[in-house]
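Content type compact mmCIF, C-alpha atoms, from the file final_35.txt:
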# COMPACT_ATOMS: atom_id res chain seq x y z
CA MET P 24 3.20 10.10 8.90
CA ARG P 25 3.30 7.10 11.22
CA PRO P 26 6.64 5.25 11.56
CA VAL P 27 6.93 1.65 10.37
CA ARG P 28 7.89 -0.46 13.38
CA CYS P 29 10.20 -3.22 12.19
CA ILE P 30 12.44 -6.07 13.34
CA ILE P 31 15.34 -7.85 11.62
CA VAL P 32 15.76 -11.64 11.72
CA ASP P 33 19.07 -12.87 10.31
CA ASP P 34 21.69 -15.31 11.61
CA GLU P 35 24.50 -13.65 9.60
CA PRO P 36 25.97 -10.79 11.70
CA LEU P 37 27.33 -8.86 8.70
CA ALA P 38 24.05 -9.07 6.78
CA LEU P 39 22.10 -8.06 9.87
CA GLU P 40 24.39 -5.08 10.43
CA ASN P 41 23.99 -4.01 6.79
CA VAL P 42 20.20 -3.93 7.13
CA ARG P 43 20.44 -2.12 10.47
CA PHE P 44 22.66 0.54 8.86
CA MET P 45 20.20 1.06 5.99
CA ILE P 46 17.25 1.35 8.37
CA LYS P 47 19.04 4.17 10.25
CA ARG P 48 19.14 6.15 6.99
CA ILE P 49 15.36 5.98 6.45
CA PRO P 50 13.32 8.36 8.64
CA PHE P 51 10.02 6.49 8.52
CA LEU P 52 11.51 3.21 9.82
CA ASP P 53 11.63 2.48 13.55
CA LEU P 54 13.85 -0.52 14.35
CA LEU P 55 12.51 -2.20 17.49
CA TYR P 56 14.85 -5.19 17.81
CA THR P 57 17.13 -7.60 15.97
CA PHE P 58 17.15 -11.40 16.20
CA GLN P 59 19.46 -14.13 14.94
CA ASN P 60 16.82 -16.82 15.50
CA PRO P 61 13.22 -16.74 14.22
CA LEU P 62 11.89 -18.59 17.27
CA GLU P 63 13.13 -15.79 19.52
CA ALA P 64 11.33 -13.27 17.33
CA THR P 65 8.03 -15.14 17.67
CA GLY P 66 7.61 -14.28 21.34
CA PHE P 67 8.43 -10.65 20.62
CA LEU P 68 5.60 -10.47 18.07
CA TYR P 69 3.10 -11.41 20.77
CA ASP P 70 4.39 -8.74 23.15
CA GLN P 71 5.02 -5.85 20.75
CA LYS P 72 3.19 -4.31 17.80
CA VAL P 73 5.35 -4.95 14.72
CA ASP P 74 4.47 -3.63 11.25
CA LEU P 75 7.29 -5.15 9.20
CA ILE P 76 9.64 -8.14 9.46
CA ILE P 77 12.88 -8.07 7.46
CA SER P 78 13.96 -11.69 7.48
CA ASP P 79 16.63 -13.96 6.05
CA ILE P 80 15.42 -17.34 4.74
CA GLU P 81 18.27 -19.83 5.26
CA MET P 82 18.70 -20.01 9.04
CA PRO P 83 19.57 -22.88 11.40
CA GLY P 84 16.66 -24.87 12.78
CA LEU P 85 13.78 -23.11 11.02
CA ASN P 86 14.02 -21.19 7.77
CA GLY P 87 12.18 -17.92 7.18
CA ILE P 88 9.60 -19.42 4.81
CA GLU P 89 8.48 -22.13 7.25
CA TRP P 90 8.55 -19.66 10.12
CA LEU P 91 6.20 -17.28 8.30
CA ARG P 92 3.84 -20.15 7.42
CA ARG P 93 3.55 -21.05 11.10
CA LEU P 94 3.10 -17.53 12.44
CA GLU P 95 -0.35 -16.69 13.77
CA ILE P 96 0.50 -12.99 13.86
CA LYS P 97 1.62 -11.99 10.38
CA PRO P 98 3.08 -8.51 9.89
CA LEU P 99 4.31 -7.50 6.44
CA VAL P 100 7.49 -9.33 5.41
CA ILE P 101 10.49 -8.52 3.24
CA PHE P 102 12.76 -11.50 2.65
CA THR P 103 16.51 -11.06 2.21
CA THR P 104 18.46 -14.08 1.00
CA ALA P 105 21.41 -15.26 -1.05
CA HIS P 106 19.27 -18.05 -2.56
CA PRO P 107 17.01 -17.07 -5.50
CA GLY P 108 15.22 -20.42 -5.44
CA TYR P 109 12.81 -19.30 -2.71
CA ALA P 110 11.26 -16.45 -4.70
CA VAL P 111 8.05 -18.30 -5.59
CA ASP P 112 7.52 -19.42 -1.99
CA GLY P 113 8.08 -15.87 -0.78
CA PHE P 114 5.54 -14.32 -3.10
CA GLU P 115 2.99 -17.07 -2.43
CA LEU P 116 3.16 -15.95 1.20
CA HIS P 117 2.43 -12.38 0.06
CA ALA P 118 5.84 -11.01 0.99
CA ILE P 119 6.17 -7.32 0.12
CA ASP P 120 9.49 -8.03 -1.61
CA TYR P 121 12.25 -10.59 -2.05
CA LEU P 122 15.76 -9.09 -1.97
CA LEU P 123 18.88 -10.93 -3.04
CA LYS P 124 22.02 -10.39 -0.97
CA PRO P 125 24.05 -8.29 -1.02
CA VAL P 126 21.17 -5.82 -0.80
CA SER P 127 21.76 -2.34 -2.19
CA PHE P 128 20.35 0.69 -0.40
CA GLU P 129 18.28 1.73 -3.44
CA ARG P 130 16.65 -1.70 -3.70
CA PHE P 131 16.02 -1.81 0.05
CA TYR P 132 14.52 1.69 0.08
CA ASN P 133 12.10 0.80 -2.73
CA ALA P 134 10.94 -2.29 -0.84
CA VAL P 135 10.34 -0.57 2.50
CA SER P 136 8.66 2.38 0.75
CA ARG P 137 6.08 -0.02 -0.70
CA ALA P 138 5.50 -1.42 2.78
CA HIS P 139 5.12 2.09 4.18
CA GLU P 140 2.65 3.12 1.48
CA TYR P 141 0.60 -0.06 1.99
CA LEU P 142 0.42 0.49 5.76
CA GLU P 143 -0.56 4.15 5.37
CA MET P 144 -3.40 3.29 3.02
CA LYS P 145 -4.56 0.40 5.20
CA TYR P 146 -4.70 2.63 8.26
CA GLN P 147 -6.57 5.38 6.44
CA ARG P 148 -9.13 2.89 5.09
CA MET P 149 -9.73 1.47 8.58
CA HIS P 150 -9.94 4.93 10.19
CA PRO P 151 -11.63 7.19 7.63
CA GLU P 152 -12.98 9.40 10.40
CA GLU P 153 -9.45 10.10 11.64
CA GLU P 154 -7.79 10.82 8.34
CA SER P 155 -8.74 13.37 5.73
CA PHE P 156 -5.62 12.87 3.64
CA ILE P 157 -3.31 10.27 2.12
CA PHE P 158 0.36 10.16 1.20
CA ILE P 159 1.17 9.12 -2.37
CA ARG P 160 4.68 8.31 -3.54
CA CYS P 161 5.57 10.55 -6.49
CA LYS P 162 8.99 11.44 -7.95
CA GLY P 163 10.90 9.91 -5.05
CA LYS P 164 8.93 11.59 -2.25
CA PHE P 165 5.56 11.25 -0.50
CA GLU P 166 2.98 13.85 -1.53
CA LYS P 167 0.24 14.67 0.97
CA ILE P 168 -3.18 14.85 -0.73
CA GLN P 169 -6.41 15.91 0.94
CA LEU P 170 -9.03 13.28 0.07
CA ASN P 171 -11.71 15.87 -0.54
CA ASP P 172 -9.48 17.62 -3.09
CA ILE P 173 -9.30 14.55 -5.33
CA LEU P 174 -11.63 14.90 -8.31
CA TYR P 175 -10.98 11.56 -9.96
CA ILE P 176 -8.30 8.94 -10.55
CA GLU P 177 -7.47 7.61 -14.00
CA GLY P 178 -5.62 4.37 -14.75
CA LEU P 179 -2.74 4.61 -17.23
CA LYS P 180 -1.35 1.07 -17.64
CA ASP P 181 1.11 0.68 -14.73
CA TYR P 182 0.35 4.13 -13.30
CA VAL P 183 -2.58 6.10 -11.99
CA LYS P 184 -3.14 9.80 -12.53
CA ILE P 185 -4.69 11.56 -9.54
CA VAL P 186 -6.52 14.71 -10.63
CA VAL P 187 -6.74 17.25 -7.81
CA ARG P 188 -8.84 20.42 -7.78
CA ASN P 189 -7.11 23.81 -7.82
CA SER P 190 -3.87 22.20 -8.92
CA GLU P 191 -2.05 22.83 -12.18
CA GLN P 192 -0.19 19.52 -12.00
CA ASN P 193 -1.68 16.04 -11.70
CA ILE P 194 0.01 13.38 -9.59
CA LEU P 195 1.36 10.19 -11.19
CA THR P 196 2.22 7.15 -9.10
CA ALA P 197 3.11 3.54 -9.91
CA MET P 198 -0.09 1.73 -8.99
CA ASN P 199 -3.25 0.45 -10.67
CA VAL P 200 -6.85 1.59 -10.19
CA LYS P 201 -7.90 -1.62 -8.42
CA THR P 202 -5.14 -1.30 -5.81
CA ILE P 203 -5.77 2.34 -4.95
CA ALA P 204 -9.55 1.76 -4.91
CA GLU P 205 -9.09 -0.89 -2.23
CA LYS P 206 -7.24 1.61 -0.02
CA LEU P 207 -9.65 4.58 -0.22
CA PRO P 208 -12.80 5.09 1.93
CA LEU P 209 -15.73 3.21 0.41
CA ASN P 210 -18.19 5.94 1.40
CA MET P 211 -16.23 8.57 -0.53
CA PHE P 212 -14.95 6.96 -3.77
CA ILE P 213 -16.67 4.85 -6.39
CA ARG P 214 -15.34 2.87 -9.36
CA ILE P 215 -17.25 3.89 -12.51
CA HIS P 216 -15.08 2.26 -15.16
CA ARG P 217 -12.10 -0.08 -15.27
CA SER P 218 -9.96 3.04 -15.76
CA TYR P 219 -11.74 5.56 -13.53
CA LEU P 220 -12.39 6.09 -9.84
CA VAL P 221 -14.24 9.25 -8.75
CA ASN P 222 -14.80 11.24 -5.58
CA ILE P 223 -18.55 11.04 -4.92
CA ASN P 224 -18.57 14.54 -3.42
CA ARG P 225 -17.26 16.01 -6.70
CA ILE P 226 -19.88 14.53 -9.05
CA LYS P 227 -22.11 17.13 -10.75
CA SER P 228 -24.37 14.91 -12.85
CA VAL P 229 -24.90 11.36 -14.10
CA ASP P 230 -26.56 9.91 -17.16
CA LYS P 231 -26.61 6.38 -18.56
CA ASP P 232 -23.19 6.63 -20.23
CA THR P 233 -21.25 9.48 -18.61
CA LEU P 234 -20.59 11.12 -15.30
CA LEU P 235 -19.59 14.77 -14.92
CA VAL P 236 -16.89 15.66 -12.40
CA GLN P 237 -16.33 19.39 -12.29
CA ASP P 238 -16.34 20.09 -16.05
CA VAL P 239 -14.89 16.75 -17.16
CA ALA P 240 -17.14 14.05 -18.67
CA LEU P 241 -16.01 10.55 -17.69
CA PRO P 242 -17.32 7.29 -19.19
CA VAL P 243 -19.42 4.93 -17.09
CA GLY P 244 -18.51 1.35 -17.94
CA ASP P 245 -21.32 -1.07 -18.79
CA SER P 246 -20.41 -3.44 -15.96
CA TYR P 247 -20.40 -0.56 -13.43
CA LYS P 248 -23.70 1.16 -14.39
CA LYS P 249 -25.91 -0.78 -11.98
CA GLN P 250 -23.56 -0.11 -9.05
CA VAL P 251 -23.21 3.58 -9.92
CA PHE P 252 -26.97 4.08 -10.19
CA LYS P 253 -27.67 2.19 -6.97
CA MET P 254 -25.08 4.06 -4.91
CA LEU P 255 -25.52 7.56 -6.31
CA ILE P 256 -29.18 7.86 -7.34
CA GLU P 257 -31.36 5.17 -5.80
CA GLY P 258 -33.04 6.56 -2.70
CA LYS P 259 -31.96 10.14 -3.55
CA TRP P 260 -33.96 10.65 -6.73
CA LEU P 261 -36.79 13.12 -6.14
CA ARG P 262 -39.88 12.24 -8.21
CA ARG P 263 -43.30 13.75 -8.58

Can the structure from this file be put into structure tokens for me?
Amino acid sequence: MRPVRCIIVDDEPLALENVRFMIKRIPFLDLLYTFQNPLEATGFLYDQKVDLIISDIEMPGLNGIEWLRRLEIKPLVIFTTAHPGYAVDGFELHAIDYLLKPVSFERFYNAVSRAHEYLEMKYQRMHPEEESFIFIRCKGKFEKIQLNDILYIEGLKDYVKIVVRNSEQNILTAMNVKTIAEKLPLNMFIRIHRSYLVNINRIKSVDKDTLLVQDVALPVGDSYKKQVFKMLIEGKWLRR
């Protein structure tokens, strides 16, 4: 599990110290440096690899929103602020989260955990040859799952159920099918329905309406049939 390399940018010493203290309690966070001025942090971003910025918004000279807009190098960002009026701006800039001060440890942990999960999946998708597993957050901890052990993934409203072979218990995590599909290797997983994502290596058979994974028949959605046929059968169908 790779550490998340982070920096803090906040002109309030007490708020900065509170975030620093919380970071020390979280094993997967690696605090590289702290700054009281966003302009000072800019140079650091060019010299060091940073995964996550934890930044205040209201700061002298240049606020956190404008600073992020101007940045050429854009790590993930979590905003911390005493002013709720910036929430829309923060989310338009794709901030991982927007935390109102004073920030509780539980709220902070949830935010950085999302950042960690996003970075893990991004790395695995970019380096499929290096990784044969993923970490999924489940029941307050990160479960290691071998990619080849995944049979299929089913969407259940705000959750996905990951069905793993030789396991008596499925894994539930707060995510949707579209999000997890974007993080998995394209050469290994295929979307067959708005609610189903399957491991190509675990498919036993396909017909026009269903796909068999192990002994489970899964529906093939009408809008996915052409893609499924093209990827799984075209070019591999032996004919007389």

P:Tyr175, P:Leu116, P:Arg93, P:Lys124 ranked by distance to P:Glu81, top pick (using only C-alpha atoms): P:Lys124

Close residues, P:Lys97 itself excluded, 9 Å, all atoms listed in the file, min 3 positions apart in chain, as a list in words: Leu68, Asp74, Leu75, Ile76, Leu91, Arg92, Leu94 and Val100 of chain P

Among the residues P:Lys201, P:Lys206, P:Lys162, P:Arg225, the one that comes closest to P:Met144 [using only C-alpha atoms]: P:Lys206

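Picture a line from atom CA of P:Ser246 to atom CA of P:Ser228; it runs 19.0 Å.
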
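By only C-alpha atoms, and with residues fewer than 5 positions from P:Leu99 along its chain excluded, the set lying at most 12 Å from it is P:Val27, P:Arg28, P:Cys29, P:Ile30, P:Lys72, P:Val73, P:Asp74, P:Leu75, P:Ile76, P:Ile77, P:Ser78, P:Leu91, P:Leu94, P:Gly113, P:Phe114, P:Leu116, P:His117, P:Ala118, P:Ile119, P:Asp120, P:Ala134, P:Val135, P:Arg137, P:Ala138, P:His139, P:Glu140, P:Tyr141, P:Leu142, P:Lys145.
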